[in-house]
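Heads up: the structure comes next, in C-alpha cells.
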Amino acid sequence: MNAQKTAFSGIQPTAIPTLGNYLGALRNYVALSGTHRCFYSIVDMHAITVRQDPETLRRRVRELYALLLACGPNPDNTVLYVQSHVPAHAELCWILNNFTMFGELSRMTQFKDKSAKHADNINAGLFTYPVLQAADILLYGAHVVPIGDDQKQHLELSRDVAVRFNGVYGDVFVVPEPLIPKLGGRIMSLADPSRKMDKSDPNPAGYISMLDDRDVIIKKCKKAVTDSGAEVRYDPAEKPGVANLMTIYAICTGKEPEQVEREFAGQGYGAFKTAVGEAADGVLSPIRAKALELIQDPAHLDRLMAEGAARAEAVALPVLRKVRDSVGFLPRI
Ligand code: TRP
C-alpha cells in the first residue's frame with residue numbers, strides 16, 4: 001500500500017446491503033481505494049448489540065464479504081476484514097469507554113431509536129456501540145471515514161473521544177473527518193420516501209437488495225410510491241418519491257438531476273420508473289454475478305478473510321500498544 005491517507009469504514013452484517021447502501025457507501029469505498037489506504041470492516045461485534053441468529057449471522061458475514069469484494073475495490077489499497085477477527089477492537093473499546101461520558105452516549109439518536117425499537121433488550125452494548133465505532137476508526141489512524149449522514153453524530157463522538165484522549169496523553173490518535181457523499185447519502189425507501197431505505201425494513205417493497213434479480217428490481221421501482229402528479233421534477237420537499245428515484249437514476253447513469261428532468265420531460269412516471277429499474281439493474285448485475293460466484297466457495301472466502309484480518313492487525317497492534325502504554329499498562333514481556 002503506498003497511499004498516504006487512510007480511510008476506514010464499517011458495515012453491519014445484519015442484512016444484505018441495499019441499493020441505498022451501494023449508492024451511499026459501497027460505491028464510495030471503491031472510489032476511495034484509488035487514492036487512499038482503505039480498511040473496510042464487517043462489524044459483527046456491532047451487529048450483536050441486537051439479538052442475531054448465529055447461523056444467519058455467519059451466512060450474512062460471508063455474503064457481505066463477497067459483495068464487498070465484488071464491488072471491486074483496488075486490492076492493493078484495500079484491507080477487507082471481519083471486526084471480531086481482530087480482538088484489538090474490543091480491547092481499545094474498553095480503554096475508550098473510560099474516555100466517553102454517560103451523558104454523551106445518552107444523547108446519541110441511534111441509541112434512542114434502537115432502544116425504542118428493542119425495548120425488551122436495551123443492553124450495555126447498545127449503549128456503548130459508538131465507543132466501539134470510535135475504537136474501529138482510531139485503531140487504524142483513519143484520516144477520513146466515508147459514512148451516510150445518519151452516522152454524523154457517531155463520528156463527532158469519535159472525534160471528541162480522540163481529542164479528549166490526546167489532550168491527556170499527547171498526540172496518540174489521528175482525529176478523523178467524515179466523508180459524506182453529495183448525492184446518494186440518503187436514498188429513501190421506495191414504499192415510504194420519508195424514511196431512509198433500510199435493509200432491515202420488514203416490507204421488502206421498500207428496498208432493493210443488492211442480490212435482487214432484474215425482474216424484482218424493475219417491479220419494485222414500478223411500484224415505488226410517488227405522488228398524484230405526473231411531472232418528473234427534482235423537488236425533494238414537494239415530491240420526495242420522485243426526487244428519490246431521480247437521485248437513484250442520476251447516480252446509476254452518471255447524470256445530474258437537471259439532466260434527468262430534461263430527459264423525462266412530458267413522459268409521466270411509467271416510463272421513468274422502468275428506466276430507473278433498468279439503470280439500477282445495470283449497476284448491480286455485474287456485482288451480483290461476481291458475489292454469487294464467490295458465495296459458492298465459502299472456504300476461499302474464509303481464507304481471504306483470514307488474510308484481511310492479518311493485514312488489519314499489523315496496522316492496529318502498534319496503535320493499541322501505544323494506547324496501552326499511554327494509560328500506564330505494564331507491557332507483558
Ligand atoms: N455504525 C455504523 C452503521 O451502522 C457502522 C460502523 C461501525 C462504522 N463501525 C464503523 C461506520 C466505523 C464507520 C466507521 O452504519
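Labeling convention for the C-alpha cells: chains A, B, ... as they appear, residues from 1 per chain, ligands from 1 in order of appearance.
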Exercise for review: From the DSSP assignment of the backbone, select every residue of range 62-296 of chain A that is helix (DSSP H, G or I), and format the answer as a ChimeraX atom specification.
Suggested key: /A:62-70,83-85,88-97,102-106,109-117,124-139,149-169,204-206,214-222,240-253,257-263,268-295
Just want the 10 Å neighbourhood of range 105-116 of chain A, counted on only C-alpha atoms, with same-chain residues fewer than 3 positions away dropped. Output as a compact mmCIF listing (two decimals) with N, CA and C atoms, in the first residue's frame.
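Saved file selection08.txt follows:
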# COMPACT_ATOMS: atom_id res chain seq x y z
N THR A 49 -25.31 -6.21 19.13
CA THR A 49 -26.00 -5.33 20.09
C THR A 49 -27.51 -5.51 20.01
N VAL A 50 -27.99 -6.06 18.88
CA VAL A 50 -29.37 -6.58 18.87
C VAL A 50 -29.28 -8.07 18.59
N THR A 100 -15.23 8.23 27.58
CA THR A 100 -16.51 8.59 26.97
C THR A 100 -17.50 8.79 28.11
N MET A 101 -18.28 9.85 28.03
CA MET A 101 -19.16 10.21 29.13
C MET A 101 -20.55 9.59 28.96
N PHE A 102 -21.13 9.22 30.08
CA PHE A 102 -22.50 8.69 30.07
C PHE A 102 -23.46 9.65 29.35
N ALA A 119 -37.20 -2.45 22.93
CA ALA A 119 -37.43 -2.03 24.31
C ALA A 119 -37.19 -3.18 25.30
N ASP A 120 -37.24 -4.42 24.82
CA ASP A 120 -37.03 -5.56 25.71
C ASP A 120 -35.55 -5.92 25.86
N ASN A 121 -34.67 -5.20 25.16
CA ASN A 121 -33.25 -5.57 25.20
C ASN A 121 -32.36 -4.33 25.07
N ILE A 122 -32.53 -3.40 25.99
CA ILE A 122 -31.70 -2.19 25.97
C ILE A 122 -30.43 -2.52 26.77
N ASN A 123 -29.49 -3.18 26.11
CA ASN A 123 -28.31 -3.68 26.82
C ASN A 123 -27.16 -2.68 26.77
N LEU A 126 -25.51 -1.91 23.35
CA LEU A 126 -26.25 -0.95 22.53
C LEU A 126 -25.87 0.48 22.94
N PHE A 127 -25.68 0.64 24.25
CA PHE A 127 -25.35 1.97 24.77
C PHE A 127 -23.93 2.39 24.37
N THR A 128 -22.99 1.45 24.46
CA THR A 128 -21.59 1.81 24.18
C THR A 128 -21.20 1.52 22.73
N TYR A 129 -22.17 1.17 21.92
CA TYR A 129 -21.95 0.95 20.48
C TYR A 129 -21.05 2.03 19.84
N PRO A 130 -21.31 3.32 20.12
CA PRO A 130 -20.47 4.35 19.47
C PRO A 130 -19.01 4.32 19.94
N VAL A 131 -18.76 3.76 21.13
CA VAL A 131 -17.38 3.70 21.61
C VAL A 131 -16.61 2.65 20.81
N ASP A 150 -26.59 9.60 8.51
CA ASP A 150 -27.11 9.13 9.80
C ASP A 150 -25.98 8.81 10.79
N GLN A 151 -24.73 8.76 10.31
CA GLN A 151 -23.62 8.41 11.20
C GLN A 151 -22.79 9.62 11.64
N GLN A 153 -23.35 11.90 13.85
CA GLN A 153 -23.26 12.09 15.29
C GLN A 153 -22.24 11.11 15.92
N HIS A 154 -22.22 9.89 15.40
CA HIS A 154 -21.24 8.92 15.91
C HIS A 154 -19.82 9.35 15.56
N LEU A 157 -18.70 12.01 17.89
CA LEU A 157 -18.29 11.43 19.17
C LEU A 157 -16.88 10.83 19.07
Practice item. Determine which residues of range 40-112 of chain A receive a DSSP assignment of strand (DSSP E), computed from the backbone, and state them as a PyMOL selection string. Key: chain A and resi 40-42+78-82
Practice item. Check which residues fall inside 7 Å of ligand 1 when counting only C-alpha atoms and all ligand atoms, and print them as a list in words. Key: Phe8, Ser9, Gly10, Ile11, Gln12, Val43, His46, Leu132, Gln133, Ala134, Asp136, Ile137, Val145, Pro146, Ile147 and Gln151 of chain A
Writing out the chosen residues with N, CA, C and O atoms as a compact mmCIF listing (two decimals), in the first residue's frame:
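File again-v3.txt, as written:
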# COMPACT_ATOMS: atom_id res chain seq x y z
N PHE A 8 -11.28 4.60 6.79
CA PHE A 8 -11.87 3.45 7.48
C PHE A 8 -13.38 3.53 7.38
O PHE A 8 -13.96 4.59 7.55
N SER A 9 -14.01 2.40 7.15
CA SER A 9 -15.45 2.37 7.36
C SER A 9 -15.88 0.98 7.81
O SER A 9 -15.20 -0.01 7.57
N GLY A 10 -17.03 0.96 8.46
CA GLY A 10 -17.57 -0.31 8.95
C GLY A 10 -18.97 -0.49 8.39
O GLY A 10 -19.69 0.48 8.18
N ILE A 11 -19.32 -1.74 8.15
CA ILE A 11 -20.67 -2.01 7.67
C ILE A 11 -21.22 -3.24 8.40
O ILE A 11 -20.51 -4.24 8.60
N GLN A 12 -22.47 -3.11 8.84
CA GLN A 12 -23.07 -4.17 9.66
C GLN A 12 -23.58 -5.33 8.81
O GLN A 12 -24.22 -5.11 7.78
N VAL A 43 -18.71 -5.32 10.61
CA VAL A 43 -18.73 -5.12 12.06
C VAL A 43 -19.75 -6.06 12.75
O VAL A 43 -20.80 -5.65 13.20
N HIS A 46 -20.64 -5.09 16.36
CA HIS A 46 -21.75 -4.13 16.46
C HIS A 46 -23.10 -4.83 16.24
O HIS A 46 -24.09 -4.48 16.87
N LEU A 132 -17.29 1.54 20.51
CA LEU A 132 -16.67 0.52 19.66
C LEU A 132 -16.41 1.10 18.27
O LEU A 132 -15.37 0.84 17.66
N GLN A 133 -17.32 1.90 17.81
CA GLN A 133 -17.14 2.54 16.50
C GLN A 133 -15.92 3.48 16.53
O GLN A 133 -15.12 3.50 15.59
N ALA A 134 -15.77 4.23 17.62
CA ALA A 134 -14.60 5.10 17.77
C ALA A 134 -13.32 4.25 17.77
O ALA A 134 -12.32 4.60 17.11
N ASP A 136 -12.85 1.36 16.35
CA ASP A 136 -12.63 0.90 14.97
C ASP A 136 -11.80 1.92 14.20
O ASP A 136 -10.79 1.60 13.56
N ILE A 137 -12.28 3.15 14.25
CA ILE A 137 -11.71 4.21 13.43
C ILE A 137 -10.32 4.59 13.91
O ILE A 137 -9.37 4.72 13.13
N VAL A 145 -13.50 9.06 7.09
CA VAL A 145 -14.46 7.99 7.33
C VAL A 145 -15.66 8.20 6.42
O VAL A 145 -16.47 9.09 6.65
N PRO A 146 -15.76 7.41 5.35
CA PRO A 146 -16.93 7.54 4.48
C PRO A 146 -18.17 6.98 5.19
O PRO A 146 -18.16 5.82 5.61
N ILE A 147 -19.18 7.83 5.34
CA ILE A 147 -20.39 7.42 6.06
C ILE A 147 -21.62 8.06 5.43
O ILE A 147 -21.51 9.04 4.70
N GLN A 151 -24.73 8.76 10.31
CA GLN A 151 -23.62 8.41 11.20
C GLN A 151 -22.79 9.62 11.64
O GLN A 151 -21.76 9.48 12.29
Check your understanding: Residues at most 8 Å from range 239-252 of chain A, counting only C-alpha atoms, excluding those fewer than 2 positions away in the same chain, as number ranges by chain?
Key -> A: 23, 183-184, 187-188, 190, 192-194, 224-227, 232-237, 254-257, 260, 273, 275-276, 279-280, 282-283
Check your understanding: Using only C-alpha atoms, which of A:Leu32, A:Cys71, A:Ile42, A:Val319 sits nearest Gln83 in chain A?
Key ->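 Of A:Leu32, A:Cys71, A:Ile42, A:Val319, the one nearest Gln83 in chain A, counting only C-alpha atoms, is A:Ile42.
Among the candidate residues A:Leu138, A:Leu64, A:Met197, A:Ala70, the one lying nearest to Leu317 in chain A is A:Leu138, with distances computed using only C-alpha atoms.
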Exercise for review: Compile the contact shell of range 328-331 of chain A as a ChimeraX atom specification: residues with an atom at most 12 Å away, counting only C-alpha atoms, same-chain residues fewer than 5 positions apart removed.
Suggested key: /A:95,169,320-323
Please produce a file of the residues just selected, as a compact mmCIF listing (two decimals), in the first residue's frame, where the atoms kept are N, CA and C atoms.
# COMPACT_ATOMS: atom_id res chain seq x y z
N ILE A 95 -10.77 0.51 26.71
CA ILE A 95 -9.99 1.68 27.18
C ILE A 95 -10.76 2.97 26.90
N TYR A 169 -2.85 12.62 26.93
CA TYR A 169 -1.61 11.84 26.71
C TYR A 169 -0.75 12.30 25.54
N LEU A 320 -2.52 0.11 19.21
CA LEU A 320 -3.01 -0.36 20.51
C LEU A 320 -1.88 -0.35 21.55
N ARG A 321 -0.69 -0.74 21.12
CA ARG A 321 0.45 -0.78 22.04
C ARG A 321 0.72 0.63 22.60
N LYS A 322 0.65 1.61 21.72
CA LYS A 322 0.87 3.00 22.13
C LYS A 322 -0.20 3.44 23.14
N VAL A 323 -1.42 3.02 22.90
CA VAL A 323 -2.52 3.40 23.80
C VAL A 323 -2.33 2.74 25.16
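Computed from the coordinates, the CA of Thr14 in chain A to CA of Val61 in chain A distance equals 8.3 Å.
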Exercise for review: Would you list the contacts of Ala66 in chain A as a ChimeraX atom specification, taking every protein, DNA or RNA residue within 7 Å and counting only C-alpha atoms, but skipping same-chain residues closer than 3 positions in sequence?
Suggested key: /A:62-63,69-70,291,294-295
Revision key, fill the gap. In Å and to one decimal, CA of Ala309 in chain A is distant from CA of Ser84 in chain A by 9.1 Å
Point to revise | Atom pair CA of Ser285 in chain A / CA of Ser41 in chain A: separation (Å) | key: 23.6 Å
Near Leu19 in chain A, within 6 Å and counting only C-alpha atoms, which residues show up once chain neighbours fewer than 3 positions away are dropped, as a CSV table (one decimal) with all heavy atoms, in the first residue's frame?
chain,number,residue,atom,x,y,z
A,22,TYR,N,-25.3,0.7,-1.5
A,22,TYR,CA,-24.4,0.8,-2.5
A,22,TYR,C,-24.1,2.2,-3.0
A,22,TYR,O,-23.0,2.7,-3.1
A,22,TYR,CB,-24.8,-0.1,-3.7
A,22,TYR,CG,-23.8,0.0,-4.9
A,22,TYR,CD1,-22.6,-0.7,-4.7
A,22,TYR,CD2,-24.0,0.8,-6.0
A,22,TYR,CE1,-21.6,-0.5,-5.7
A,22,TYR,CE2,-23.1,0.9,-7.0
A,22,TYR,CZ,-21.9,0.2,-6.8
A,22,TYR,OH,-20.9,0.4,-7.8
A,208,ILE,N,-34.3,-2.2,-2.5
A,208,ILE,CA,-33.8,-3.1,-3.5
A,208,ILE,C,-32.5,-3.7,-2.9
A,208,ILE,O,-31.6,-3.0,-2.5
A,208,ILE,CB,-33.4,-2.3,-4.8
A,208,ILE,CG1,-34.7,-1.8,-5.4
A,208,ILE,CG2,-32.6,-3.2,-5.7
A,208,ILE,CD1,-34.5,-0.9,-6.6
A,210,MET,N,-29.1,-5.8,-2.9
A,210,MET,CA,-28.0,-6.0,-3.9
A,210,MET,C,-28.0,-7.3,-4.6
A,210,MET,O,-27.4,-7.5,-5.6
A,210,MET,CB,-26.6,-5.7,-3.3
A,210,MET,CG,-26.4,-4.2,-3.1
A,210,MET,SD,-24.8,-3.8,-2.5
A,210,MET,CE,-23.8,-4.1,-3.9
Review point. Between A:Gly148, A:Gly268, A:Gly206, A:Gly141, which is the closest to Gly185 in chain A once you count only C-alpha atoms?
Key: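 Closest residue, counting only C-alpha atoms: A:Gly148.
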Exercise for review: Name the closest residue to Arg58 in chain A among the candidates A:Val82, A:Ala162, A:Ala124, A:Ala312; distances are taken between atoms, counting only C-alpha atoms.
Suggested key: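 Checking each of A:Val82, A:Ala162, A:Ala124, A:Ala312 against Arg58 in chain A, counting only C-alpha atoms, the winner is A:Val82.
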Quick one: residues within 8 Å of Asp281 in chain A, only C-alpha atoms counted, chain neighbours fewer than 3 positions away excluded, as a PDB file with N, CA and C atoms, in the first residue's frame?
ATOM      1  N   ASP A 213     -32.881  -9.911  -8.241  1.00  0.00           N
ATOM      2  CA  ASP A 213     -32.627 -10.042  -9.684  1.00  0.00           C
ATOM      3  C   ASP A 213     -33.367  -8.955 -10.471  1.00  0.00           C
ATOM      4  N   ARG A 214     -33.052  -8.905 -11.746  1.00  0.00           N
ATOM      5  CA  ARG A 214     -33.525  -7.810 -12.599  1.00  0.00           C
ATOM      6  C   ARG A 214     -35.049  -7.601 -12.531  1.00  0.00           C
ATOM      7  N   ILE A 217     -36.109  -6.046  -9.269  1.00  0.00           N
ATOM      8  CA  ILE A 217     -35.701  -4.631  -9.193  1.00  0.00           C
ATOM      9  C   ILE A 217     -36.677  -3.762  -9.984  1.00  0.00           C
ATOM     10  N   ILE A 218     -36.976  -4.190 -11.185  1.00  0.00           N
ATOM     11  CA  ILE A 218     -37.855  -3.374 -12.030  1.00  0.00           C
ATOM     12  C   ILE A 218     -39.262  -3.316 -11.429  1.00  0.00           C
ATOM     13  N   GLY A 277     -35.432   1.358 -12.840  1.00  0.00           N
ATOM     14  CA  GLY A 277     -35.177  -0.050 -12.549  1.00  0.00           C
ATOM     15  C   GLY A 277     -34.080  -0.620 -13.437  1.00  0.00           C
ATOM     16  N   GLU A 278     -34.129  -0.284 -14.704  1.00  0.00           N
ATOM     17  CA  GLU A 278     -33.111  -0.789 -15.626  1.00  0.00           C
ATOM     18  C   GLU A 278     -31.733  -0.231 -15.296  1.00  0.00           C
ATOM     19  N   LEU A 284     -26.072  -2.959 -10.668  1.00  0.00           N
ATOM     20  CA  LEU A 284     -25.961  -4.062  -9.694  1.00  0.00           C
ATOM     21  C   LEU A 284     -25.647  -5.417 -10.325  1.00  0.00           C
ATOM     22  N   SER A 285     -26.052  -5.633 -11.586  1.00  0.00           N
ATOM     23  CA  SER A 285     -25.965  -7.009 -12.104  1.00  0.00           C
ATOM     24  C   SER A 285     -24.533  -7.576 -12.179  1.00  0.00           C
TER      25      SER A 285
END
